[in-house]
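Chemist: Got a structure for you, target.pdb, holding PDB, C-alpha atoms.
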```pdb
ATOM      1  CA  MET A 991     117.489 -46.583 -25.639
ATOM      2  CA  GLU A 992     120.366 -44.234 -26.051
ATOM      3  CA  ASN A 993     120.694 -41.370 -23.670
ATOM      4  CA  VAL A 994     122.030 -38.629 -25.859
ATOM      5  CA  ALA A 995     121.463 -35.731 -23.519
ATOM      6  CA  ASN A 996     124.594 -33.834 -22.747
ATOM      7  CA  HIS A 997     125.795 -30.352 -22.176
ATOM      8  CA  GLU A 998     125.755 -29.444 -25.841
ATOM      9  CA  ASP A 999     122.338 -30.888 -26.695
ATOM     10  CA  TRP A1000     120.342 -28.305 -24.836
ATOM     11  CA  LYS A1001     122.469 -25.552 -26.342
ATOM     12  CA  VAL A1002     121.700 -26.779 -29.842
ATOM     13  CA  CYS A1003     117.992 -26.951 -29.042
ATOM     14  CA  PHE A1004     118.009 -23.592 -27.331
ATOM     15  CA  SER A1005     119.834 -21.847 -30.122
ATOM     16  CA  GLU A1006     117.213 -23.180 -32.500
ATOM     17  CA  TYR A1007     114.123 -22.426 -30.445
ATOM     18  CA  GLY A1008     115.253 -19.668 -28.076
ATOM     19  CA  PRO A1009     114.596 -16.596 -30.257
ATOM     20  CA  GLY A1010     111.143 -17.835 -31.251
ATOM     21  CA  LEU A1011     110.285 -18.720 -27.685
ATOM     22  CA  LEU A1012     111.311 -15.268 -26.503
ATOM     23  CA  LEU A1013     109.191 -13.663 -29.179
ATOM     24  CA  PHE A1014     106.307 -15.882 -28.169
ATOM     25  CA  ALA A1015     106.719 -15.006 -24.484
ATOM     26  CA  ARG A1016     106.922 -11.301 -25.219
ATOM     27  CA  GLN A1017     103.262 -11.315 -26.123
ATOM     28  CA  TRP A1018     102.285 -11.406 -22.483
ATOM     29  CA  VAL A1019     104.916  -9.221 -20.900
ATOM     30  CA  ARG A1020     106.245  -5.825 -21.815
ATOM     31  CA  SER A1021     109.843  -6.260 -20.802
ATOM     32  CA  SER A1022     112.358  -8.581 -22.358
ATOM     33  CA  ALA A1023     113.604  -9.442 -18.851
ATOM     34  CA  ASP A1024     110.213 -10.899 -17.949
ATOM     35  CA  ALA A1025     110.098 -12.789 -21.244
ATOM     36  CA  GLU A1026     113.552 -14.216 -20.545
ATOM     37  CA  ASP A1027     112.471 -15.364 -17.107
ATOM     38  CA  ILE A1028     109.471 -17.109 -18.627
ATOM     39  CA  VAL A1029     111.474 -18.828 -21.348
ATOM     40  CA  GLN A1030     114.192 -19.887 -18.927
ATOM     41  CA  GLU A1031     111.696 -21.424 -16.532
ATOM     42  CA  ALA A1032     109.782 -23.125 -19.328
ATOM     43  CA  PHE A1033     112.834 -24.501 -21.074
ATOM     44  CA  VAL A1034     114.424 -25.830 -17.893
ATOM     45  CA  LYS A1035     111.119 -27.338 -16.801
ATOM     46  CA  PHE A1036     110.605 -28.921 -20.202
ATOM     47  CA  TRP A1037     114.108 -30.348 -20.224
ATOM     48  CA  ARG A1038     113.924 -31.599 -16.653
ATOM     49  CA  ARG A1039     110.777 -33.550 -17.410
ATOM     50  CA  ASN A1040     112.469 -35.367 -20.263
ATOM     51  CA  HIS A1041     109.967 -34.384 -22.874
ATOM     52  CA  ARG A1042     110.902 -34.971 -26.470
ATOM     53  CA  ILE A1043     112.210 -31.762 -27.947
ATOM     54  CA  ASP A1044     110.224 -32.327 -31.117
ATOM     55  CA  ASN A1045     107.019 -32.013 -29.101
ATOM     56  CA  ARG A1046     106.954 -28.339 -29.881
ATOM     57  CA  ALA A1047     103.296 -27.899 -29.061
ATOM     58  CA  LEU A1048     104.049 -28.922 -25.487
ATOM     59  CA  LEU A1049     107.082 -26.657 -25.328
ATOM     60  CA  TYR A1050     105.065 -23.622 -26.406
ATOM     61  CA  ALA A1051     102.180 -24.609 -24.179
ATOM     62  CA  THR A1052     104.651 -24.656 -21.280
ATOM     63  CA  VAL A1053     105.842 -21.159 -22.130
ATOM     64  CA  ARG A1054     102.281 -19.938 -22.388
ATOM     65  CA  SER A1055     101.277 -21.544 -19.128
ATOM     66  CA  ILE A1056     104.213 -20.033 -17.239
ATOM     67  CA  ALA A1057     103.575 -16.633 -18.792
ATOM     68  CA  LEU A1058      99.943 -16.682 -17.737
ATOM     69  CA  ASP A1059     100.933 -17.888 -14.267
ATOM     70  CA  LEU A1060     103.340 -14.982 -14.002
ATOM     71  CA  ILE A1061     100.642 -12.546 -14.909
ATOM     72  CA  ARG A1062      98.196 -14.050 -12.457
ATOM     73  CA  ARG A1063     100.500 -14.299  -9.486
ATOM     74  CA  ASP A1064     101.955 -10.884  -9.881
ATOM     75  CA  SER A1065     100.723  -8.302  -7.421
ATOM     76  CA  ARG A1066     100.043  -5.996 -10.307
ATOM     77  CA  ARG A1067      97.862  -8.614 -11.881
ATOM     78  CA  ALA A1068      95.086  -6.402 -13.096
ATOM     79  CA  ARG A1069      97.386  -3.936 -14.748
ATOM     80  CA  ARG A1070      99.516  -6.621 -16.352
ATOM     81  CA  GLU A1071      96.565  -8.534 -17.693
ATOM     82  CA  ALA A1072      95.102  -5.377 -19.097
ATOM     83  CA  GLU A1073      98.391  -4.645 -20.780
ATOM     84  CA  ALA A1074      98.921  -8.169 -22.003
ATOM     85  CA  PHE A1075      95.520  -8.665 -23.498
ATOM     86  CA  SER A1076      94.850  -5.180 -24.686
ATOM     87  CA  ASP A1077      94.542  -5.017 -28.423
ATOM     88  CA  VAL A1078      96.478  -1.785 -28.443
ATOM     89  CA  ALA A1079      99.260  -2.963 -26.191
ATOM     90  CA  GLN A1080     102.635  -2.039 -27.584
ATOM     91  CA  SER A1081     105.979  -3.352 -26.554
ATOM     92  CA  SER A1082     108.351  -1.032 -24.855
ATOM     93  CA  GLN A1083     111.365  -2.910 -26.141
ATOM     94  CA  PRO A1084     112.078  -4.155 -29.650
ATOM     95  CA  GLN A1085     111.146  -7.715 -30.414
ATOM     96  CA  PHE A1086     112.655  -7.840 -33.867
ATOM     97  CA  ALA A1087     116.005  -6.995 -35.350
ATOM     98  CA  VAL A1088     114.662  -4.507 -37.902
ATOM     99  CA  GLU A1089     116.821  -3.470 -40.833
ATOM    100  CA  ASP A1090     114.822  -0.688 -42.432
ATOM    101  CA  GLU A1091     111.706   1.415 -42.158
ATOM    102  CA  SER A1092     109.477  -1.066 -43.931
ATOM    103  CA  GLN A1093     110.435  -3.762 -41.449
ATOM    104  CA  ARG A1094     109.891  -1.335 -38.592
ATOM    105  CA  ALA A1095     106.395  -0.641 -39.883
ATOM    106  CA  LEU A1096     105.742  -4.335 -40.259
ATOM    107  CA  ALA A1097     106.919  -5.057 -36.709
ATOM    108  CA  ALA A1098     104.733  -2.256 -35.400
ATOM    109  CA  ALA A1099     101.756  -3.635 -37.308
ATOM    110  CA  VAL A1100     102.339  -7.089 -35.813
ATOM    111  CA  ASP A1101     102.388  -5.495 -32.386
ATOM    112  CA  LEU A1102      98.996  -3.946 -33.005
ATOM    113  CA  LEU A1103      97.292  -7.225 -33.845
ATOM    114  CA  PRO A1104      94.700  -8.614 -31.456
ATOM    115  CA  HIS A1105      96.360 -10.921 -28.987
ATOM    116  CA  GLU A1106      94.755 -14.139 -30.182
ATOM    117  CA  GLN A1107      95.785 -13.439 -33.778
ATOM    118  CA  ARG A1108      99.279 -12.341 -32.866
ATOM    119  CA  GLU A1109     100.102 -15.476 -30.902
ATOM    120  CA  VAL A1110      99.052 -17.705 -33.801
ATOM    121  CA  LEU A1111     101.032 -15.580 -36.245
ATOM    122  CA  VAL A1112     104.137 -15.714 -34.040
ATOM    123  CA  MET A1113     103.912 -19.469 -33.696
ATOM    124  CA  LYS A1114     103.357 -19.964 -37.414
ATOM    125  CA  ILE A1115     105.807 -17.520 -38.959
ATOM    126  CA  TRP A1116     108.717 -17.360 -36.557
ATOM    127  CA  ASN A1117     108.422 -20.725 -34.874
ATOM    128  CA  GLU A1118     107.194 -22.687 -37.893
ATOM    129  CA  LEU A1119     104.629 -24.697 -36.007
ATOM    130  CA  THR A1120     101.905 -26.450 -37.959
ATOM    131  CA  PHE A1121      98.287 -25.511 -37.360
ATOM    132  CA  ALA A1122      97.855 -28.842 -35.622
ATOM    133  CA  GLU A1123     100.701 -28.006 -33.239
ATOM    134  CA  ILE A1124      99.370 -24.499 -32.680
ATOM    135  CA  GLY A1125      95.930 -25.878 -31.954
ATOM    136  CA  SER A1126      97.390 -28.327 -29.500
ATOM    137  CA  ALA A1127      99.456 -25.671 -27.719
ATOM    138  CA  LEU A1128      96.590 -23.191 -27.462
ATOM    139  CA  GLU A1129      93.897 -25.802 -26.876
ATOM    140  CA  ILE A1130      91.918 -24.695 -29.890
ATOM    141  CA  SER A1131      90.990 -26.553 -33.037
ATOM    142  CA  GLN A1132      93.274 -26.679 -36.030
ATOM    143  CA  ASN A1133      90.667 -24.811 -38.066
ATOM    144  CA  THR A1134      90.411 -22.062 -35.474
ATOM    145  CA  ALA A1135      94.183 -21.676 -35.527
ATOM    146  CA  ALA A1136      94.136 -21.431 -39.319
ATOM    147  CA  SER A1137      91.306 -18.898 -39.220
ATOM    148  CA  ARG A1138      93.100 -16.704 -36.710
ATOM    149  CA  TYR A1139      96.196 -16.836 -38.884
ATOM    150  CA  ARG A1140      94.265 -15.698 -41.921
ATOM    151  CA  TYR A1141      92.593 -12.918 -39.943
ATOM    152  CA  ALA A1142      96.009 -11.796 -38.731
ATOM    153  CA  LEU A1143      97.429 -11.641 -42.255
ATOM    154  CA  SER A1144      94.350  -9.879 -43.483
ATOM    155  CA  ALA A1145      94.578  -7.294 -40.707
ATOM    156  CA  LEU A1146      98.276  -6.769 -41.356
ATOM    157  CA  LYS A1147      97.701  -6.294 -45.039
ATOM    158  CA  LYS A1148      94.985  -3.765 -44.346
ATOM    159  CA  ASN A1149      97.080  -1.869 -41.798
ATOM    160  CA  LEU A1150     100.093  -1.718 -44.082
ATOM    161  CA  GLN A1151      98.232  -0.369 -47.080
ATOM    162  CA  PRO A1152      98.972   3.290 -47.794
ATOM    163  CA  GLN A1153      96.152   5.532 -46.605
TER     164      GLN A1153
ATOM    165  CA  MET J 593      99.640 -19.709 -53.912
ATOM    166  CA  ASN J 594      97.478 -17.645 -51.605
ATOM    167  CA  ASP J 595      96.931 -13.907 -51.500
ATOM    168  CA  PHE J 596      99.204 -13.515 -48.542
ATOM    169  CA  SER J 597     102.348 -15.227 -49.805
ATOM    170  CA  GLU J 598     104.159 -11.934 -50.366
ATOM    171  CA  LEU J 599     103.249 -10.709 -46.917
ATOM    172  CA  GLU J 600     104.300 -14.020 -45.389
ATOM    173  CA  ASN J 601     107.677 -13.728 -47.076
ATOM    174  CA  GLU J 602     108.107 -10.219 -45.710
ATOM    175  CA  LEU J 603     107.213 -11.416 -42.240
ATOM    176  CA  LYS J 604     109.741 -14.249 -42.451
ATOM    177  CA  LYS J 605     112.462 -11.750 -43.299
ATOM    178  CA  LEU J 606     111.771 -10.071 -39.991
ATOM    179  CA  ARG J 607     114.099 -11.790 -37.560
ATOM    180  CA  PRO J 608     113.280 -12.101 -33.846
ATOM    181  CA  ALA J 609     115.761 -10.401 -31.551
ATOM    182  CA  GLN J 610     118.505 -12.787 -30.454
ATOM    183  CA  PRO J 611     118.819 -13.757 -26.795
ATOM    184  CA  SER J 612     121.386 -11.704 -24.912
ATOM    185  CA  ARG J 613     124.612 -13.221 -23.624
ATOM    186  CA  GLU J 614     123.481 -12.589 -20.065
ATOM    187  CA  PHE J 615     120.325 -14.539 -20.694
ATOM    188  CA  LEU J 616     122.201 -17.467 -22.218
ATOM    189  CA  GLY J 617     124.475 -17.418 -19.203
ATOM    190  CA  ARG J 618     121.509 -17.608 -16.834
ATOM    191  CA  VAL J 619     119.954 -20.487 -18.747
ATOM    192  CA  GLU J 620     123.295 -22.272 -18.742
ATOM    193  CA  GLN J 621     123.525 -21.836 -15.000
ATOM    194  CA  ALA J 622     119.977 -23.143 -14.542
ATOM    195  CA  MET J 623     120.721 -26.156 -16.709
ATOM    196  CA  ALA J 624     123.918 -26.820 -14.798
ATOM    197  CA  ASP J 625     121.915 -26.862 -11.586
ATOM    198  CA  LEU J 626     119.729 -29.673 -12.877
ATOM    199  CA  PRO J 627     120.212 -33.082 -11.290
ATOM    200  CA  ASP J 628     122.240 -35.549 -13.314
ATOM    201  CA  ASP J 629     119.270 -37.702 -14.236
ATOM    202  CA  ALA J 630     117.432 -34.809 -15.828
ATOM    203  CA  GLY J 631     117.619 -33.966 -19.465
ATOM    204  CA  ASN J 632     117.260 -37.368 -21.021
ATOM    205  CA  ILE J 633     115.639 -35.931 -24.080
ATOM    206  CA  ILE J 634     115.604 -38.221 -27.063
ATOM    207  CA  HIS J 635     116.699 -36.088 -29.918
ATOM    208  CA  PRO J 636     114.550 -36.943 -32.926
ATOM    209  CA  SER J 637     117.412 -37.240 -35.339
ATOM    210  CA  ARG J 638     119.286 -39.587 -33.029
ATOM    211  CA  PHE J 639     116.477 -41.802 -31.890
ATOM    212  CA  LYS J 640     117.412 -45.463 -32.210
ATOM    213  CA  VAL J 641     115.084 -48.408 -32.036
ATOM    214  CA  SER J 642     116.101 -51.026 -29.543
ATOM    215  CA  TRP J 643     115.370 -54.187 -31.449
ATOM    216  CA  LEU J 644     115.794 -56.336 -28.365
ATOM    217  CA  SER J 645     113.184 -54.332 -26.454
ATOM    218  CA  LEU J 646     110.910 -54.298 -29.463
ATOM    219  CA  GLY J 647     111.226 -58.073 -29.882
ATOM    220  CA  LEU J 648     110.561 -58.743 -26.229
ATOM    221  CA  GLY J 649     107.585 -56.427 -26.314
ATOM    222  CA  LEU J 650     106.094 -58.133 -29.341
ATOM    223  CA  ALA J 651     106.656 -61.561 -27.806
ATOM    224  CA  ALA J 652     104.937 -60.456 -24.606
ATOM    225  CA  ALA J 653     102.035 -59.065 -26.604
ATOM    226  CA  ALA J 654     101.686 -62.307 -28.557
ATOM    227  CA  ILE J 655     101.672 -64.380 -25.363
ATOM    228  CA  PHE J 656      99.085 -62.063 -23.856
ATOM    229  CA  LEU J 657      96.860 -62.422 -26.892
ATOM    230  CA  ILE J 658      97.145 -66.198 -26.813
ATOM    231  CA  PHE J 659      96.091 -66.356 -23.194
ATOM    232  CA  ALA J 660      93.596 -63.530 -23.383
ATOM    233  CA  ARG J 661      91.722 -65.321 -26.154
ATOM    234  CA  VAL J 662      89.682 -62.368 -27.171
ATOM    235  CA  SER J 663      86.472 -63.572 -28.726
ATOM    236  CA  VAL J 664      83.308 -61.965 -29.853
ATOM    237  CA  ASP J 665      81.145 -65.053 -29.597
ATOM    238  CA  ARG J 666      80.025 -66.745 -26.476
ATOM    239  CA  PRO J 667      81.764 -70.100 -26.018
ATOM    240  CA  ALA J 668      79.590 -73.026 -27.008
ATOM    241  CA  LYS J 669      81.605 -76.073 -26.047
ATOM    242  CA  ARG J 670      82.133 -75.291 -22.371
ATOM    243  CA  THR J 671      79.397 -75.961 -19.900
ATOM    244  CA  PRO J 672      79.414 -73.534 -17.030
ATOM    245  CA  ILE J 673      78.822 -75.411 -13.815
ATOM    246  CA  ALA J 674      79.264 -72.566 -11.401
ATOM    247  CA  GLN J 675      79.305 -68.854 -11.901
ATOM    248  CA  ASN J 676      80.141 -66.360  -9.199
ATOM    249  CA  SER J 677      78.803 -63.352 -11.010
ATOM    250  CA  PRO J 678      75.231 -63.944 -12.013
ATOM    251  CA  ALA J 679      74.597 -63.218 -15.631
ATOM    252  CA  PRO J 680      72.077 -60.498 -16.255
ATOM    253  CA  ALA J 681      68.698 -62.073 -16.769
ATOM    254  CA  THR J 682      67.634 -59.460 -19.253
ATOM    255  CA  ARG J 683      70.648 -59.666 -21.486
ATOM    256  CA  SER J 684      68.820 -59.084 -24.719
ATOM    257  CA  THR J 685      65.890 -57.065 -23.481
ATOM    258  CA  ILE J 686      67.482 -54.885 -20.877
ATOM    259  CA  ALA J 687      67.135 -51.628 -22.676
ATOM    260  CA  SER J 688      64.201 -49.455 -23.425
ATOM    261  CA  PRO J 689      61.864 -50.379 -26.250
ATOM    262  CA  GLY J 690      63.473 -49.802 -29.589
ATOM    263  CA  PHE J 691      66.906 -50.997 -28.566
ATOM    264  CA  ILE J 692      68.203 -54.120 -30.210
ATOM    265  CA  PRO J 693      71.303 -56.115 -29.293
ATOM    266  CA  ALA J 694      74.211 -54.874 -31.372
ATOM    267  CA  GLY J 695      77.067 -56.955 -30.101
ATOM    268  CA  ALA J 696      78.664 -58.786 -27.255
ATOM    269  CA  THR J 697      82.302 -59.283 -26.445
ATOM    270  CA  GLN J 698      83.917 -61.424 -23.854
ATOM    271  CA  VAL J 699      87.566 -61.009 -22.951
ATOM    272  CA  VAL J 700      89.159 -63.701 -20.818
ATOM    273  CA  TYR J 701      92.021 -61.990 -19.065
ATOM    274  CA  ASN J 702      92.961 -64.715 -16.629
ATOM    275  CA  THR J 703      92.635 -68.499 -16.612
ATOM    276  CA  ARG J 704      93.492 -70.624 -13.601
ATOM    277  CA  ASP J 705      93.604 -74.409 -13.572
ATOM    278  CA  GLU J 706      92.505 -75.468 -10.076
ATOM    279  CA  GLY J 707      93.309 -79.142 -10.529
ATOM    280  CA  LEU J 708      91.289 -82.324 -10.405
ATOM    281  CA  HIS J 709      88.069 -82.557  -8.428
ATOM    282  CA  PHE J 710      85.572 -85.293  -7.761
ATOM    283  CA  PRO J 711      82.170 -83.634  -7.777
ATOM    284  CA  THR J 712      79.272 -85.417  -6.194
ATOM    285  CA  GLY J 713      77.180 -87.306  -8.699
ATOM    286  CA  TYR J 714      79.956 -87.747 -11.224
ATOM    287  CA  ASN J 715      81.765 -91.021 -11.822
ATOM    288  CA  GLU J 716      84.894 -89.523 -13.211
ATOM    289  CA  PRO J 717      87.243 -86.793 -12.042
ATOM    290  CA  MET J 718      86.805 -83.320 -13.416
ATOM    291  CA  ARG J 719      89.357 -80.638 -13.998
ATOM    292  CA  ARG J 720      88.214 -77.320 -12.543
ATOM    293  CA  VAL J 721      89.211 -74.230 -14.532
ATOM    294  CA  ARG J 722      88.395 -70.696 -13.407
ATOM    295  CA  TYR J 723      88.060 -67.959 -16.020
ATOM    296  CA  GLN J 724      88.098 -64.289 -15.140
ATOM    297  CA  LYS J 725      86.511 -62.225 -17.842
ATOM    298  CA  ARG J 726      85.153 -58.875 -18.807
ATOM    299  CA  GLU J 727      81.947 -58.954 -20.756
ATOM    300  CA  THR J 728      80.614 -56.087 -22.767
ATOM    301  CA  LEU J 729      77.129 -55.932 -24.211
ATOM    302  CA  GLN J 730      75.867 -53.351 -26.638
ATOM    303  CA  TRP J 731      72.444 -52.288 -27.789
ATOM    304  CA  ARG J 732      71.492 -49.857 -30.489
ATOM    305  CA  ASN J 733      68.337 -48.026 -31.324
ATOM    306  CA  PRO J 734      68.091 -47.989 -35.123
ATOM    307  CA  ASN J 735      65.468 -45.260 -35.033
ATOM    308  CA  THR J 736      67.399 -42.710 -33.007
ATOM    309  CA  GLY J 737      70.945 -43.944 -33.503
ATOM    310  CA  ALA J 738      71.420 -44.036 -29.739
ATOM    311  CA  SER J 739      73.538 -46.800 -28.312
ATOM    312  CA  LEU J 740      73.938 -48.356 -24.905
ATOM    313  CA  ARG J 741      76.945 -50.232 -23.656
ATOM    314  CA  VAL J 742      77.354 -52.202 -20.461
ATOM    315  CA  SER J 743      80.637 -53.680 -19.332
ATOM    316  CA  TYR J 744      81.175 -55.770 -16.236
ATOM    317  CA  PRO J 745      83.667 -58.261 -14.812
ATOM    318  CA  SER J 746      82.650 -61.863 -14.422
ATOM    319  CA  GLU J 747      84.113 -65.101 -13.203
ATOM    320  CA  GLU J 748      83.260 -68.513 -14.550
ATOM    321  CA  VAL J 749      84.182 -71.923 -13.185
ATOM    322  CA  VAL J 750      84.130 -74.763 -15.678
ATOM    323  CA  LEU J 751      84.404 -78.466 -14.876
ATOM    324  CA  ILE J 752      85.945 -80.408 -17.705
ATOM    325  CA  PRO J 753      85.651 -84.199 -17.704
ATOM    326  CA  VAL J 754      89.024 -85.908 -17.610
ATOM    327  CA  SER J 755      89.388 -88.981 -19.723
ATOM    328  CA  GLY J 756      91.061 -91.921 -18.030
ATOM    329  CA  GLN J 757      92.539 -93.315 -21.231
TER     330      GLN J 757
END
```
Would you write the structure of this file as structure tokens?

Modeler:
Amino acid sequence: MENVANHEDWKVCFSEYGPGLLLFARQWVRSSADAEDIVQEAFVKFWRRNHRIDNRALLYATVRSIALDLIRRDSRRARREAEAFSDVAQSSQPQFAVEDESQRALAAAVDLLPHEQREVLVMKIWNELTFAEIGSALEISQNTAASRYRYALSALKKNLQPQ
Amino acid sequence: MNDFSELENELKKLRPAQPSREFLGRVEQAMADLPDDAGNIIHPSRFKVSWLSLGLGLAAAAIFLIFARVSVDRPAKRTPIAQNSPAPATRSTIASPGFIPAGATQVVYNTRDEGLHFPTGYNEPMRRVRYQKRETLQWRNPNTGASLRVSYPSEEVVLIPVSGQ
């Protein structure tokens, strides 16, 4: 079996998955610094354990697990959890590189989604995971993942319609 | 095409913020601190099958199957002389009323030839062979659809007459 790991391999993988992982991690923490810490720990842990990089469900599950651990072990646990899981939680720092007002409105609408819908949407749209992979990462069924995705799109569409 | 395709396209145009240089630097430092044996990820596009390993594996599996001699029927030609694990006396009627035998499997996972013996009462030498097995019995209740499965290890010693010709 060929050992192809080298200095450049992780960079290639990280450049491909890094932005999506950060976006995924930002769902649980308000600051980008916290999200970076989570992604760094998850990625290094994943790499150290020699998991296959195409096992994306496991990679995202690792990020999620570390994010939830961070929330739980933090001394401000209650406040963080309330922030992280609140349906009205809004990020204090931009998560997207917005180009115009319509994209800004879209990003804001994504931020307003219920947590369980937002995480499925993030995994599907910006990380291109299949529903099977999402289900595996979140420990839910494939159908539940698909349902949450549809609910998320439906909610977005409703929120973006002119009043 | 679903109702949300336009919205999905708009969402895909929204690009996640790129990691900062400082962050990439920290990850690079963390990766550099990894021990040398870490990071043996098999990149999917570069995965290569080792035909030698595959061949050896298949050969080992074939040998195992030959010796394991998986069978679903109880052997008829061997006469068990001694048996360390007593066979359940209620093999076919163990379960509650309504259950009927649905199958039995017997997997011999080890066979040991213990050489020639001269048992009392026999005029010819016998070869003693010890079989270690796992037996699984199944019952099914056709009315309720319930099933019952029992699996247990067993050991069987068989004396095989040796022809002097």

Chemist: Applying the PyMOL selection byres ((chain A and resi 1085) around 9) to the file I just gave you, which residues come out? Please list them as a PyMOL selection string.

Modeler: (chain A and resi 1012-1013+1016+1022+1081+1083-1084+1086-1088+1097) or (chain J and resi 607-610)

Chemist: Of the candidates A:Ala1145, A:Leu1011, A:Ala1095, A:Ile1115, which one gets nearest to chain J if we count all atoms listed in the file?

Modeler: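 Result for the nearest residue to chain J: A:Ile1115.
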
Chemist: With the PyMOL selection byres ((chain A and resi 1119) around 12) as the selection, what would be picked from this file? Answer as a ChimeraX atom specification, please.

Modeler: /A:1007,1010-1011,1014,1044-1050,1109-1118,1120-1128,1132,1135-1136,1139

Chemist: Compare A:Arg1094, A:Arg1042, A:Arg1138, A:His1105 by their minimum atom-to-atom distance to chain J, counting only C-alpha atoms, and give me the closest one.

Modeler: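 That would be A:Arg1042, the residue with the smallest distance to chain J.
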
Chemist: I'd like the neighbourhood of J:Lys725 as an MDAnalysis selection string, where a residue qualifies if any of its atoms comes within 9 Å (using only C-alpha atoms), though same-chain residues fewer than 6 positions away should be ignored.

Modeler: chainID J and resid 698:703 744:748

Chemist: I'd like the contact shell of A:Phe1033 - 9 Å cut-off, only C-alpha atoms, skipping same-chain residues fewer than 5 positions apart - returned as a PDB file with C-alpha atoms, keeping the file's coordinate frame.

Modeler:
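Once everything was written out, this is selection24.pdb:
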```pdb
ATOM      1  CA  PHE A1004     118.009 -23.592 -27.331  1.00  0.00           C
ATOM      2  CA  GLY A1008     115.253 -19.668 -28.076  1.00  0.00           C
ATOM      3  CA  ILE A1028     109.471 -17.109 -18.627  1.00  0.00           C
ATOM      4  CA  ARG A1038     113.924 -31.599 -16.653  1.00  0.00           C
ATOM      5  CA  LEU A1049     107.082 -26.657 -25.328  1.00  0.00           C
ATOM      6  CA  THR A1052     104.651 -24.656 -21.280  1.00  0.00           C
ATOM      7  CA  VAL A1053     105.842 -21.159 -22.130  1.00  0.00           C
TER       8      VAL A1053
ATOM      9  CA  VAL J 619     119.954 -20.487 -18.747  1.00  0.00           C
TER      10      VAL J 619
END
```

Chemist: Just give me the gap between atom CA of J:Ala624 and atom CA of A:Asp1059 in Å, one decimal is fine.

Modeler: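 Those two atoms sit 24.7 Å apart.
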